[in-house]
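Structure below is final28.cif: mmCIF, C-alpha atoms.
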```cif
data_run
loop_
_atom_site.label_atom_id
_atom_site.label_comp_id
_atom_site.auth_asym_id
_atom_site.auth_seq_id
_atom_site.Cartn_x
_atom_site.Cartn_y
_atom_site.Cartn_z
CA MET A 16 -10.13 -45.32 52.64
CA ASN A 17 -11.16 -44.26 49.17
CA THR A 18 -8.01 -44.29 47.06
CA LEU A 19 -9.61 -42.94 43.92
CA THR A 20 -10.78 -39.50 44.96
CA SER A 21 -9.35 -36.61 46.90
CA ASN A 22 -10.28 -36.41 50.56
CA PRO A 23 -11.38 -33.29 52.48
CA VAL A 24 -7.90 -32.09 53.35
CA GLU A 25 -7.22 -31.61 49.64
CA THR A 26 -10.53 -30.13 48.60
CA ASP A 27 -10.50 -27.71 51.52
CA ALA A 28 -8.04 -25.42 49.76
CA SER A 29 -5.97 -22.94 51.75
CA PRO A 30 -6.74 -19.22 51.40
CA ARG A 31 -5.34 -17.53 48.32
CA ARG A 32 -2.66 -15.68 50.27
CA SER A 33 -1.48 -18.91 51.88
CA LEU A 34 -1.29 -20.65 48.50
CA LYS A 35 0.81 -17.78 47.16
CA ARG A 36 3.26 -18.24 50.03
CA VAL A 37 3.32 -21.97 49.37
CA ALA A 38 4.02 -21.38 45.68
CA ALA A 39 6.83 -18.96 46.52
CA ALA A 40 8.36 -21.38 49.01
CA ALA A 41 8.22 -24.23 46.50
CA ALA A 42 9.59 -22.17 43.63
CA VAL A 43 12.48 -20.31 45.25
CA GLY A 44 14.80 -23.30 45.61
CA ASN A 45 14.21 -24.32 42.03
CA PHE A 46 15.08 -20.81 40.92
CA VAL A 47 18.45 -20.97 42.70
CA GLU A 48 19.15 -24.45 41.32
CA TRP A 49 18.33 -23.71 37.69
CA PHE A 50 19.82 -20.23 37.75
CA ASP A 51 23.08 -22.00 38.55
CA SER A 52 22.63 -24.41 35.64
CA ALA A 53 21.91 -21.52 33.29
CA ALA A 54 24.98 -19.66 34.56
CA TYR A 55 27.15 -22.73 34.03
CA ALA A 56 25.81 -23.12 30.48
CA VAL A 57 26.21 -19.44 29.58
CA MET A 58 29.75 -19.37 30.95
CA SER A 59 30.74 -22.82 29.63
CA VAL A 60 33.17 -21.54 26.99
CA THR A 61 34.88 -19.21 29.51
CA ILE A 62 35.01 -21.93 32.17
CA ALA A 63 36.57 -24.29 29.62
CA LYS A 64 39.38 -21.80 28.94
CA LEU A 65 40.02 -21.09 32.61
CA PHE A 66 39.87 -24.61 34.01
CA PHE A 67 41.16 -26.66 31.05
CA PRO A 68 43.55 -24.32 29.21
CA SER A 69 45.77 -27.02 27.64
CA TYR A 70 42.95 -28.72 25.73
CA SER A 71 41.52 -28.01 22.28
CA THR A 72 38.22 -26.15 22.23
CA THR A 73 36.18 -29.34 21.72
CA ALA A 74 38.13 -31.28 24.35
CA ALA A 75 37.81 -28.45 26.87
CA LEU A 76 34.06 -28.24 26.31
CA LEU A 77 33.78 -32.00 26.71
CA ALA A 78 35.67 -31.70 30.00
CA VAL A 79 33.35 -28.92 31.18
CA TRP A 80 30.27 -30.99 30.29
CA ALA A 81 31.82 -34.05 31.93
CA ILE A 82 32.07 -32.11 35.19
CA PHE A 83 28.53 -30.86 34.62
CA ALA A 84 27.44 -34.50 34.29
CA GLY A 85 29.62 -35.39 37.27
CA GLY A 86 27.48 -33.13 39.39
CA PHE A 87 24.67 -35.60 38.77
CA ILE A 88 26.61 -38.52 40.25
CA ALA A 89 25.76 -37.35 43.76
CA ARG A 90 22.06 -36.96 42.96
CA PRO A 91 21.09 -40.55 43.91
CA LEU A 92 22.73 -40.07 47.31
CA GLY A 93 20.88 -36.77 47.69
CA ALA A 94 17.63 -38.38 46.58
CA ALA A 95 18.03 -41.13 49.17
CA PHE A 96 19.02 -38.71 51.95
CA PHE A 97 16.55 -35.91 51.31
CA GLY A 98 13.73 -38.25 50.26
CA ARG A 99 14.02 -40.13 53.55
CA TYR A 100 14.33 -36.83 55.38
CA GLY A 101 11.20 -35.46 53.70
CA ASP A 102 9.14 -38.56 54.52
CA ARG A 103 10.30 -38.76 58.14
CA ILE A 104 10.81 -35.15 59.26
CA GLY A 105 8.70 -33.15 56.81
CA ARG A 106 8.70 -31.71 53.31
CA ASN A 107 9.39 -28.12 54.35
CA LYS A 108 12.33 -28.81 56.69
CA MET A 109 13.94 -30.85 53.95
CA LEU A 110 13.50 -28.02 51.42
CA GLY A 111 15.04 -25.47 53.78
CA LEU A 112 18.16 -27.60 54.15
CA CYS A 113 18.32 -28.13 50.37
CA VAL A 114 18.35 -24.45 49.46
CA LEU A 115 20.95 -23.63 52.13
CA ILE A 116 23.46 -26.25 50.96
CA MET A 117 22.79 -25.59 47.29
CA SER A 118 23.39 -21.85 47.45
CA ALA A 119 26.58 -22.34 49.50
CA ALA A 120 28.05 -24.74 46.91
CA THR A 121 27.18 -22.40 44.04
CA PHE A 122 28.78 -19.47 45.84
CA CYS A 123 31.95 -21.54 46.31
CA ILE A 124 32.18 -22.04 42.54
CA GLY A 125 32.07 -18.27 42.21
CA ILE A 126 35.17 -17.81 44.39
CA LEU A 127 37.11 -20.76 42.96
CA PRO A 128 40.60 -19.90 41.60
CA PRO A 129 41.30 -21.01 37.99
CA PHE A 130 43.84 -23.54 36.71
CA ALA A 131 46.53 -20.88 36.32
CA VAL A 132 46.46 -20.23 40.08
CA ILE A 133 45.98 -23.64 41.73
CA GLY A 134 46.62 -26.05 38.87
CA VAL A 135 44.81 -29.37 38.79
CA TRP A 136 42.96 -28.53 42.01
CA ALA A 137 40.80 -26.10 40.02
CA PRO A 138 38.89 -28.75 38.02
CA ILE A 139 38.91 -31.11 41.03
CA LEU A 140 37.25 -28.53 43.29
CA LEU A 141 34.87 -27.56 40.51
CA PHE A 142 33.81 -31.19 40.34
CA ILE A 143 33.39 -31.40 44.14
CA PHE A 144 31.19 -28.30 44.32
CA ARG A 145 29.13 -29.55 41.38
CA ALA A 146 28.72 -32.84 43.28
CA VAL A 147 27.46 -30.97 46.35
CA GLN A 148 24.97 -29.13 44.14
CA GLY A 149 23.89 -32.45 42.68
CA PHE A 150 23.45 -33.89 46.17
CA THR A 151 20.94 -31.20 47.11
CA THR A 152 19.24 -31.27 43.72
CA GLY A 153 18.47 -34.93 44.37
CA GLY A 154 15.83 -33.82 46.84
CA GLU A 155 14.92 -30.29 45.71
CA TYR A 156 12.79 -30.75 42.60
CA THR A 157 10.72 -33.73 43.76
CA GLY A 158 10.50 -32.33 47.29
CA SER A 159 9.17 -28.98 46.14
CA SER A 160 6.80 -30.80 43.77
CA ALA A 161 5.35 -32.84 46.64
CA PHE A 162 5.14 -29.69 48.77
CA ILE A 163 3.02 -27.65 46.38
CA VAL A 164 0.91 -30.54 45.00
CA GLU A 165 -0.04 -31.63 48.53
CA TYR A 166 -1.30 -28.09 49.17
CA ALA A 167 -3.10 -27.62 45.83
CA PRO A 168 -6.90 -27.79 45.49
CA ALA A 169 -8.28 -30.96 43.92
CA GLY A 170 -8.65 -30.65 40.15
CA LYS A 171 -6.00 -27.93 39.94
CA ARG A 172 -2.88 -29.78 41.02
CA ALA A 173 -1.03 -29.42 37.71
CA THR A 174 -2.06 -25.77 37.41
CA TYR A 175 -0.65 -24.86 40.81
CA ALA A 176 2.36 -27.16 40.38
CA SER A 177 3.25 -25.52 37.05
CA VAL A 178 5.08 -22.91 39.14
CA ILE A 179 7.86 -25.51 39.56
CA PRO A 180 8.79 -25.96 35.87
CA ALA A 181 7.88 -22.34 35.09
CA THR A 182 10.36 -21.17 37.70
CA VAL A 183 12.96 -23.30 35.99
CA GLY A 184 12.31 -21.35 32.80
CA LEU A 185 12.41 -17.98 34.54
CA ALA A 186 15.70 -18.87 36.21
CA SER A 187 17.18 -19.91 32.89
CA VAL A 188 16.05 -16.65 31.27
CA ALA A 189 17.50 -14.67 34.17
CA GLY A 190 20.78 -16.56 33.86
CA ALA A 191 20.92 -16.01 30.11
CA LEU A 192 20.06 -12.30 30.44
CA LEU A 193 22.74 -11.82 33.05
CA GLY A 194 25.22 -13.74 30.90
CA ALA A 195 24.39 -11.64 27.88
CA ALA A 196 24.75 -8.43 29.87
CA ILE A 197 28.09 -9.52 31.30
CA THR A 198 29.56 -10.61 27.97
CA ALA A 199 28.27 -7.49 26.21
CA THR A 200 29.64 -4.99 28.72
CA LEU A 201 32.93 -6.56 29.81
CA SER A 202 36.10 -7.01 27.85
CA ALA A 203 37.41 -10.53 27.25
CA GLU A 204 40.07 -9.96 29.90
CA ASP A 205 37.59 -8.77 32.53
CA LEU A 206 35.19 -11.61 31.67
CA GLN A 207 37.88 -14.23 32.28
CA SER A 208 39.30 -12.39 35.29
CA TRP A 209 36.14 -11.82 37.36
CA GLY A 210 33.02 -11.34 35.23
CA TRP A 211 32.20 -15.04 34.91
CA ARG A 212 31.93 -15.27 38.71
CA ILE A 213 28.98 -12.87 39.07
CA PRO A 214 26.10 -15.35 38.43
CA PHE A 215 27.52 -17.84 40.92
CA LEU A 216 28.11 -15.26 43.64
CA LEU A 217 24.45 -14.21 43.45
CA ALA A 218 23.51 -17.63 44.85
CA ALA A 219 24.33 -16.50 48.40
CA PRO A 220 21.67 -13.76 48.76
CA LEU A 221 19.16 -15.80 46.73
CA GLY A 222 19.66 -18.79 49.02
CA LEU A 223 19.14 -16.70 52.17
CA ILE A 224 15.94 -15.25 50.72
CA GLY A 225 14.76 -18.77 49.88
CA LEU A 226 15.52 -20.04 53.38
CA TYR A 227 13.57 -17.15 54.92
CA ILE A 228 10.50 -17.71 52.71
CA ARG A 229 10.45 -21.44 53.40
CA SER A 230 10.74 -20.89 57.15
CA LYS A 231 7.47 -18.92 57.09
CA VAL A 232 5.30 -21.75 55.67
CA ASP A 233 3.88 -24.73 57.59
CA ASP A 234 4.36 -28.25 56.34
CA THR A 235 1.74 -29.75 54.04
CA PRO A 236 -1.71 -30.89 55.23
CA VAL A 237 -0.89 -34.39 53.98
CA PHE A 238 2.28 -34.72 56.05
CA ARG A 239 0.62 -33.18 59.11
CA GLY A 240 -2.13 -35.77 58.67
CA LEU A 241 0.45 -38.57 58.66
CA GLU A 242 1.95 -37.21 61.87
CA LYS A 243 -1.46 -36.92 63.52
CA LYS A 244 -2.37 -40.52 62.66
CA GLY A 245 1.06 -41.87 63.58
CA GLU A 246 1.59 -43.16 60.03
CA VAL A 247 4.97 -41.52 59.29
CA ALA A 248 7.16 -44.24 57.78
CA LYS A 249 10.16 -45.35 59.82
CA LYS A 250 12.03 -46.70 56.80
CA PRO A 251 10.53 -44.80 53.83
CA LEU A 252 13.38 -45.47 51.42
CA GLY A 253 13.29 -49.23 51.86
CA ASP A 254 9.49 -49.23 51.86
CA ALA A 255 9.41 -47.24 48.62
CA VAL A 256 11.73 -49.65 46.82
CA ARG A 257 9.85 -52.67 48.16
CA MET A 258 6.30 -51.39 47.59
CA CYS A 259 6.61 -49.12 44.55
CA ALA A 260 9.04 -50.73 42.12
CA ARG A 261 6.55 -50.37 39.25
CA GLN A 262 5.97 -46.69 39.97
CA ILE A 263 9.70 -45.98 40.24
CA PHE A 264 10.37 -47.73 36.93
CA THR A 265 7.49 -45.92 35.20
CA LEU A 266 8.63 -42.52 36.47
CA PHE A 267 12.17 -43.26 35.33
CA GLY A 268 10.97 -44.48 31.94
CA TYR A 269 9.18 -41.33 30.87
CA SER A 270 11.39 -38.88 32.79
CA ILE A 271 14.41 -39.77 30.63
CA THR A 272 12.85 -37.84 27.74
CA ASN A 273 12.06 -34.90 30.03
CA ALA A 274 15.70 -34.95 31.21
CA VAL A 275 17.41 -35.23 27.81
CA ALA A 276 15.13 -32.69 26.15
CA TYR A 277 15.47 -30.12 28.91
CA TYR A 278 19.25 -30.23 29.06
CA LEU A 279 19.64 -30.21 25.29
CA MET A 280 17.30 -27.21 25.11
CA SER A 281 18.83 -25.25 27.97
CA SER A 282 22.39 -26.19 28.90
CA TYR A 283 23.67 -27.58 25.58
CA MET A 284 22.04 -25.37 22.99
CA ILE A 285 24.18 -22.25 23.49
CA ALA A 286 27.43 -24.16 22.99
CA TYR A 287 25.86 -26.18 20.15
CA MET A 288 24.80 -23.10 18.20
CA THR A 289 28.19 -21.49 18.68
CA SER A 290 30.50 -24.44 17.99
CA SER A 291 28.45 -26.60 15.59
CA LEU A 292 26.19 -24.11 13.78
CA HIS A 293 28.66 -21.18 13.95
CA TYR A 294 26.26 -18.53 15.26
CA THR A 295 27.67 -15.69 17.33
CA SER A 296 27.51 -15.89 21.11
CA THR A 297 24.95 -13.07 21.10
CA ASP A 298 22.68 -14.90 18.64
CA SER A 299 22.97 -18.08 20.69
CA MET A 300 22.02 -16.30 23.90
CA ILE A 301 19.08 -14.54 22.23
CA THR A 302 17.85 -17.90 20.96
CA SER A 303 18.21 -19.44 24.42
CA MET A 304 16.29 -16.61 26.09
CA VAL A 305 13.42 -16.70 23.60
CA THR A 306 13.21 -20.50 23.88
CA MET A 307 13.04 -20.41 27.67
CA LEU A 308 10.38 -17.70 27.52
CA VAL A 309 8.32 -19.92 25.19
CA TYR A 310 8.85 -22.79 27.62
CA THR A 311 7.79 -20.65 30.60
CA ILE A 312 4.68 -19.27 28.89
CA THR A 313 3.64 -22.75 27.74
CA CYS A 314 3.87 -24.22 31.26
CA PRO A 315 0.57 -22.89 32.72
CA LEU A 316 -1.27 -23.62 29.46
CA ALA A 317 -0.03 -27.20 29.33
CA ALA A 318 -0.78 -27.62 33.05
CA ARG A 319 -4.42 -26.64 32.58
CA ALA A 320 -4.64 -29.19 29.77
CA SER A 321 -3.18 -31.80 32.11
CA ASP A 322 -5.82 -31.06 34.76
CA ARG A 323 -8.50 -31.41 32.10
CA PHE A 324 -7.31 -34.35 29.98
CA GLY A 325 -5.14 -36.24 32.45
CA ARG A 326 -1.46 -36.95 32.96
CA LYS A 327 -1.25 -39.98 30.67
CA THR A 328 -2.73 -38.17 27.67
CA MET A 329 -0.36 -35.23 27.99
CA LEU A 330 2.74 -37.32 28.70
CA LEU A 331 2.04 -39.43 25.61
CA PHE A 332 1.34 -36.33 23.52
CA ALA A 333 4.72 -34.88 24.52
CA CYS A 334 6.67 -38.08 23.86
CA LEU A 335 5.12 -38.54 20.42
CA GLY A 336 5.71 -34.85 19.75
CA PHE A 337 9.43 -35.36 20.31
CA VAL A 338 9.41 -38.40 18.03
CA VAL A 339 7.79 -36.46 15.19
CA MET A 340 9.18 -32.93 15.61
CA THR A 341 12.77 -33.25 16.90
CA ILE A 342 14.52 -33.89 13.58
CA PRO A 343 12.61 -31.13 11.73
CA ALA A 344 13.35 -28.74 14.61
CA PHE A 345 17.10 -29.43 14.45
CA ALA A 346 17.11 -29.45 10.64
CA ILE A 347 15.87 -25.85 10.36
CA MET A 348 18.25 -24.42 12.98
CA PRO A 349 21.17 -23.77 10.56
CA LEU A 350 18.96 -21.82 8.13
CA GLY A 351 19.14 -18.51 9.98
CA LEU A 352 18.51 -16.98 13.38
CA GLY A 353 14.73 -16.92 12.97
CA PHE A 354 14.67 -20.62 12.09
CA ALA A 355 17.03 -21.40 14.97
CA ILE A 356 14.64 -19.69 17.37
CA LEU A 357 11.68 -21.53 15.85
CA GLY A 358 13.41 -24.91 16.09
CA THR A 359 14.47 -24.52 19.70
CA SER A 360 11.08 -23.05 20.65
CA ILE A 361 9.35 -26.18 19.33
CA LEU A 362 11.50 -28.23 21.68
CA GLY A 363 10.83 -25.76 24.50
CA ALA A 364 7.06 -26.07 24.14
CA LEU A 365 7.25 -29.88 24.17
CA VAL A 366 9.46 -29.84 27.27
CA ALA A 367 6.81 -27.69 28.99
CA VAL A 368 4.09 -30.20 28.07
CA ILE A 369 5.95 -33.19 29.50
CA GLY A 370 7.26 -31.29 32.52
CA THR A 371 3.92 -29.90 33.69
CA SER A 372 2.36 -33.37 33.74
CA ASN A 373 5.46 -34.95 35.23
CA VAL A 374 5.36 -32.77 38.36
CA PRO A 375 1.87 -33.77 39.60
CA ALA A 376 2.22 -37.34 38.31
CA LEU A 377 5.43 -38.05 40.22
CA VAL A 378 3.64 -36.95 43.39
CA GLU A 379 0.31 -38.64 42.75
CA MET A 380 1.63 -42.09 41.84
CA PHE A 381 3.25 -42.70 45.26
CA PRO A 382 1.59 -43.27 48.66
CA SER A 383 1.91 -40.32 51.03
CA SER A 384 4.16 -42.15 53.52
CA VAL A 385 6.92 -42.86 50.94
CA ARG A 386 6.19 -40.10 48.42
CA ALA A 387 9.36 -38.04 48.80
CA SER A 388 11.59 -41.14 48.72
CA GLY A 389 9.90 -42.97 45.85
CA SER A 390 9.58 -39.96 43.55
CA ALA A 391 13.14 -38.82 44.23
CA ILE A 392 14.56 -42.23 43.28
CA GLY A 393 12.77 -42.60 39.94
CA TYR A 394 13.12 -38.98 38.84
CA THR A 395 16.72 -38.60 39.97
CA LEU A 396 17.96 -41.76 38.29
CA ALA A 397 16.57 -40.48 34.98
CA TYR A 398 18.38 -37.18 35.35
CA VAL A 399 21.62 -38.80 36.49
CA LEU A 400 21.85 -41.30 33.65
CA PHE A 401 20.30 -39.23 30.87
CA GLY A 402 19.91 -35.56 31.86
CA GLY A 403 23.33 -34.70 33.18
CA THR A 404 25.04 -36.65 30.42
CA ALA A 405 22.94 -35.15 27.60
CA PRO A 406 25.29 -32.23 26.71
CA PHE A 407 28.32 -34.55 26.89
CA VAL A 408 26.67 -37.24 24.75
CA ALA A 409 25.38 -34.68 22.24
CA THR A 410 28.80 -33.04 21.88
CA GLY A 411 30.42 -36.44 21.40
CA LEU A 412 27.82 -37.55 18.85
CA VAL A 413 28.29 -34.43 16.74
CA ALA A 414 32.07 -34.89 16.81
CA GLY A 415 31.86 -38.63 16.17
CA PHE A 416 29.28 -38.69 13.38
CA GLY A 417 30.13 -35.32 11.84
CA THR A 418 26.51 -34.15 11.61
CA PRO A 419 24.72 -31.51 13.70
CA LEU A 420 21.58 -33.69 13.52
CA ALA A 421 23.13 -36.34 15.79
CA PRO A 422 21.53 -34.95 19.02
CA ALA A 423 18.12 -35.00 17.31
CA PHE A 424 18.34 -38.72 16.60
CA TYR A 425 19.38 -39.32 20.21
CA LEU A 426 16.40 -37.40 21.63
CA MET A 427 14.00 -39.05 19.21
CA GLY A 428 15.20 -42.52 20.23
CA VAL A 429 14.79 -41.73 23.91
CA ALA A 430 11.26 -40.40 23.26
CA VAL A 431 10.27 -43.66 21.58
CA VAL A 432 11.26 -45.55 24.73
CA SER A 433 9.33 -43.14 26.97
CA ALA A 434 6.21 -43.35 24.81
CA ALA A 435 6.25 -47.14 25.15
CA VAL A 436 6.58 -46.86 28.94
CA VAL A 437 3.64 -44.45 29.16
CA ILE A 438 1.45 -46.67 27.00
CA LEU A 439 2.29 -49.94 28.75
CA PHE A 440 2.85 -49.01 32.39
CA PHE A 441 1.46 -45.58 33.31
CA ARG A 442 -1.90 -45.56 35.08
CA GLU A 443 -3.86 -42.30 35.26
CA THR A 444 -3.27 -40.52 38.57
CA LYS A 445 -5.04 -37.15 38.46
CA ASN A 446 -8.04 -38.23 40.58
CA LEU A 447 -6.14 -40.25 43.17
CA SER A 448 -6.16 -39.21 46.84
CA LEU A 449 -2.90 -37.66 47.96
CA SER A 450 -3.51 -38.82 51.54
CA ARG A 451 -3.67 -42.50 50.67
CA THR A 452 -1.08 -44.83 52.16
CA THR A 453 -1.82 -47.66 49.72
CA VAL A 454 -0.03 -48.47 46.46
CA LEU A 455 -1.82 -48.16 43.10
#
```
Output the file's structure in the form of structure tokens.
Amino acid sequence: MNTLTSNPVETDASPRRSLKRVAAAAAVGNFVEWFDSAAYAVMSVTIAKLFFPSYSTTAALLAVWAIFAGGFIARPLGAAFFGRYGDRIGRNKMLGLCVLIMSAATFCIGILPPFAVIGVWAPILLFIFRAVQGFTTGGEYTGSSAFIVEYAPAGKRATYASVIPATVGLASVAGALLGAAITATLSAEDLQSWGWRIPFLLAAPLGLIGLYIRSKVDDTPVFRGLEKKGEVAKKPLGDAVRMCARQIFTLFGYSITNAVAYYLMSSYMIAYMTSSLHYTSTDSMITSMVTMLVYTITCPLAARASDRFGRKTMLLFACLGFVVMTIPAFAIMPLGLGFAILGTSILGALVAVIGTSNVPALVEMFPSSVRASGSAIGYTLAYVLFGGTAPFVATGLVAGFGTPLAPAFYLMGVAVVSAAVVILFFRETKNLSLSRTTVL
């Protein structure tokens, strides 16, 4: 088997209508997932008051972000479960289960009574539902990435797969817009009484729509090929760890920058601008929406560059961009709303560059028989250890060092590590066959 070029099943692209259905099926679960994250970020100050009323503002926010990070604890279990499921049963069946569980957990957050009603059970249940969300997220992003990349025409994998990170941006914009509309139209009493629940309750209809769309699409040509040849792995998780340790480490090594940068840009930035830079909530939400629009618009452009210049070039460009531009971006944020938007938009564009090469690379670097398992492990560990903790660490660094530039130094340091990993360990993947069962 030629492991360096795409084989006929990849070059023989599906009809345009079929590819649109595939893109919709891959994107819908990500929309639900990241819409929830955006809702949690937008409502973080209100959630802090309702679920941790006896703490100071900073302590309550730290508690909220600790629970946010706690939702990531279950991700490795979800990665192991759904990765194995995706390699043994199929990518699409796994994604259908993901979106169903994820939307149910998000809906439960929306009906959760506050501390004043059920006491300490309020934060405990909030943590449990966040953990369930994290469990499903462990398989959602990498599973949907494998799904769309395995369908994409050769030479356009990153372009088609850019729908995954772009959907993340659209979901964040939708969450921010809804949050802005809710806070602008409701009184403080109504917001704390029932208004904060609206974004979470929307997860139920969105999840049902996602389940329906995914049920209408066949599994990928690559997985069907594995079934036809009898090459479906019996123990994909163990095989992935045994065969692909280098790939898992490499994916983890550069994904930590993707994780920290994304969660600083999206989940943390609204609270940061309000509490540390003293902007109004409206200004913070406007900045967040513009930044996520910049991120979303940049995704297809960066993806085309990835298909042309390769994954390694674009990953390294993004990492070095964070090293050079993060401190200047943070430094100009206090100078006025326009500068705040410019600073966060710089970060948003760089996140798009690294994310649009990460999606096809995490699929391409693993053999088809262990792809869902191997990619889920490496990617999920990065987001558990660095992504989910990023808002908590950033808040603590600002409080501990007394400077709003503290998160910038943290992101810059992480980017240095990722750049070294890309240079030393990453091997170009854009021309590799997706149907191969051999390791690089």
Next item on the list: Identify, on the basis of only C-alpha atoms, every residue whose closest approach to A:Trp209 does not exceed 10 Å; exclude the query and any residue fewer than 6 positions from it along the same chain; express the result as an NGL selection string.
Entry: :A and (125-126 or 201)
Excluding A:Glu165 and residues on its chain fewer than 5 positions from it, collect all residues at most 10 Å away from it, counting only C-alpha atoms, and give them as a PDB file with C-alpha atoms, keeping the file's coordinate frame.
```
ATOM      1  CA  VAL A  24      -7.900 -32.090  53.350  1.00  0.00           C
ATOM      2  CA  GLU A  25      -7.220 -31.610  49.640  1.00  0.00           C
ATOM      3  CA  ARG A 106       8.700 -31.710  53.310  1.00  0.00           C
ATOM      4  CA  SER A 159       9.170 -28.980  46.140  1.00  0.00           C
ATOM      5  CA  SER A 160       6.800 -30.800  43.770  1.00  0.00           C
ATOM      6  CA  ARG A 172      -2.880 -29.780  41.020  1.00  0.00           C
ATOM      7  CA  ALA A 176       2.360 -27.160  40.380  1.00  0.00           C
ATOM      8  CA  ASP A 234       4.360 -28.250  56.340  1.00  0.00           C
ATOM      9  CA  THR A 235       1.740 -29.750  54.040  1.00  0.00           C
ATOM     10  CA  PRO A 236      -1.710 -30.890  55.230  1.00  0.00           C
ATOM     11  CA  VAL A 237      -0.890 -34.390  53.980  1.00  0.00           C
ATOM     12  CA  PHE A 238       2.280 -34.720  56.050  1.00  0.00           C
ATOM     13  CA  PRO A 375       1.870 -33.770  39.600  1.00  0.00           C
ATOM     14  CA  VAL A 378       3.640 -36.950  43.390  1.00  0.00           C
ATOM     15  CA  GLU A 379       0.310 -38.640  42.750  1.00  0.00           C
ATOM     16  CA  SER A 383       1.910 -40.320  51.030  1.00  0.00           C
ATOM     17  CA  SER A 448      -6.160 -39.210  46.840  1.00  0.00           C
ATOM     18  CA  LEU A 449      -2.900 -37.660  47.960  1.00  0.00           C
ATOM     19  CA  SER A 450      -3.510 -38.820  51.540  1.00  0.00           C
TER      20      SER A 450
END
```
Next item on the list: Name all residues at most 8 Å from A:Leu266 (count all atoms listed in the file; drop same-chain ones fewer than 2 positions away) and give them as a list in words.
Entry: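 Contacts, in chain order: Gln262, Ile263, Phe264, Gly268, Tyr269, Ser270, Leu377, Ser390, Gly393 and Tyr394 of chain A.
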Check: What do you get, as a VMD selection string, if you spell out every residue that the PyMOL selection byres ((chain A and resi 113-122) around 9) selects here?
Finding: chain A and resid 43 to 45 47 to 48 51 97 108 to 112 123 to 127 143 to 152 154 to 155 212 214 to 223 225 to 226
Notebook entry, point to check: Nearest to A:Ile213: which of A:Val57, A:Leu92, A:Ile301, A:Val188 is it, counting all atoms listed in the file?
Noted result: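 Checking each of A:Val57, A:Leu92, A:Ile301, A:Val188 against A:Ile213, counting all atoms listed in the file, the winner is A:Val57.
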Next item on the list: Measuring atom to atom with all atoms listed in the file, identify which of A:Val79, A:Phe424, A:Gly389, A:Ile369 is nearest to A:Phe407.
Entry: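 Looking at the shortest contact to A:Phe407, the residue is A:Val79.
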Next item on the list: Please evaluate the PyMOL selection byres ((chain A and resi 358) around 12) against the structure above and give the resulting residues as an MDAnalysis selection string.
Entry: chainID A and resid 280 284 288 302:303 305:306 309 337 340:357 359:365 423
Could those residues be written to a file, using C-alpha atoms, as a tab-separated table (two decimals), in the frame of the given file?
```tsv
chain	number	residue	atom	x	y	z
A	280	MET	CA	17.30	-27.21	25.11
A	284	MET	CA	22.04	-25.37	22.99
A	288	MET	CA	24.80	-23.10	18.20
A	302	THR	CA	17.85	-17.90	20.96
A	303	SER	CA	18.21	-19.44	24.42
A	305	VAL	CA	13.42	-16.70	23.60
A	306	THR	CA	13.21	-20.50	23.88
A	309	VAL	CA	8.32	-19.92	25.19
A	337	PHE	CA	9.43	-35.36	20.31
A	340	MET	CA	9.18	-32.93	15.61
A	341	THR	CA	12.77	-33.25	16.90
A	342	ILE	CA	14.52	-33.89	13.58
A	343	PRO	CA	12.61	-31.13	11.73
A	344	ALA	CA	13.35	-28.74	14.61
A	345	PHE	CA	17.10	-29.43	14.45
A	346	ALA	CA	17.11	-29.45	10.64
A	347	ILE	CA	15.87	-25.85	10.36
A	348	MET	CA	18.25	-24.42	12.98
A	349	PRO	CA	21.17	-23.77	10.56
A	350	LEU	CA	18.96	-21.82	8.13
A	351	GLY	CA	19.14	-18.51	9.98
A	352	LEU	CA	18.51	-16.98	13.38
A	353	GLY	CA	14.73	-16.92	12.97
A	354	PHE	CA	14.67	-20.62	12.09
A	355	ALA	CA	17.03	-21.40	14.97
A	356	ILE	CA	14.64	-19.69	17.37
A	357	LEU	CA	11.68	-21.53	15.85
A	359	THR	CA	14.47	-24.52	19.70
A	360	SER	CA	11.08	-23.05	20.65
A	361	ILE	CA	9.35	-26.18	19.33
A	362	LEU	CA	11.50	-28.23	21.68
A	363	GLY	CA	10.83	-25.76	24.50
A	364	ALA	CA	7.06	-26.07	24.14
A	365	LEU	CA	7.25	-29.88	24.17
A	423	ALA	CA	18.12	-35.00	17.31
```
Notebook entry, point to check: Using all atoms listed in the file, which of the listed residues (A:Ala320, A:Leu65, A:Leu192, A:Leu34) sits closest to A:Pro168?
Noted result: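 Of A:Ala320, A:Leu65, A:Leu192, A:Leu34, the one nearest A:Pro168, counting all atoms listed in the file, is A:Leu34.
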Next item on the list: Identify which of the residues A:Leu279, A:Leu76, A:Ala196, A:Ala94 lies closest to A:Val366, counting only C-alpha atoms when measuring atom-to-atom distances.
Entry: A:Leu279
Check: Which polymer residues, protein or nucleic acid, are no farther than 8 Å from (10.1, -44.5, 54.6), counting all atoms listed in the file, as a list in words?
Finding: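 So the residues meeting the distance criterion are Arg99, Asp102, Arg103, Val247, Ala248, Lys249, Lys250, Pro251, Leu252, Gly253, Asp254, Ala255, Ser384, Val385 and Ser388 of chain A.
For the residues A:Thr395, A:Ser282, A:Thr453, A:Thr73, ranking by smallest atom-to-atom distance to A:Gly411 using all atoms listed in the file places A:Thr73 first.
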Next item on the list: Evaluate the PyMOL selection byres ((chain A and resi 434) around 12) here and jot the selected residues down as JSON, numbers by chain.
Entry: {"A": [265, 266, 268, 269, 270, 271, 272, 273, 327, 328, 329, 330, 331, 332, 333, 334, 335, 336, 337, 338, 339, 369, 427, 428, 429, 430, 431, 432, 433, 435, 436, 437, 438, 439, 440, 441]}
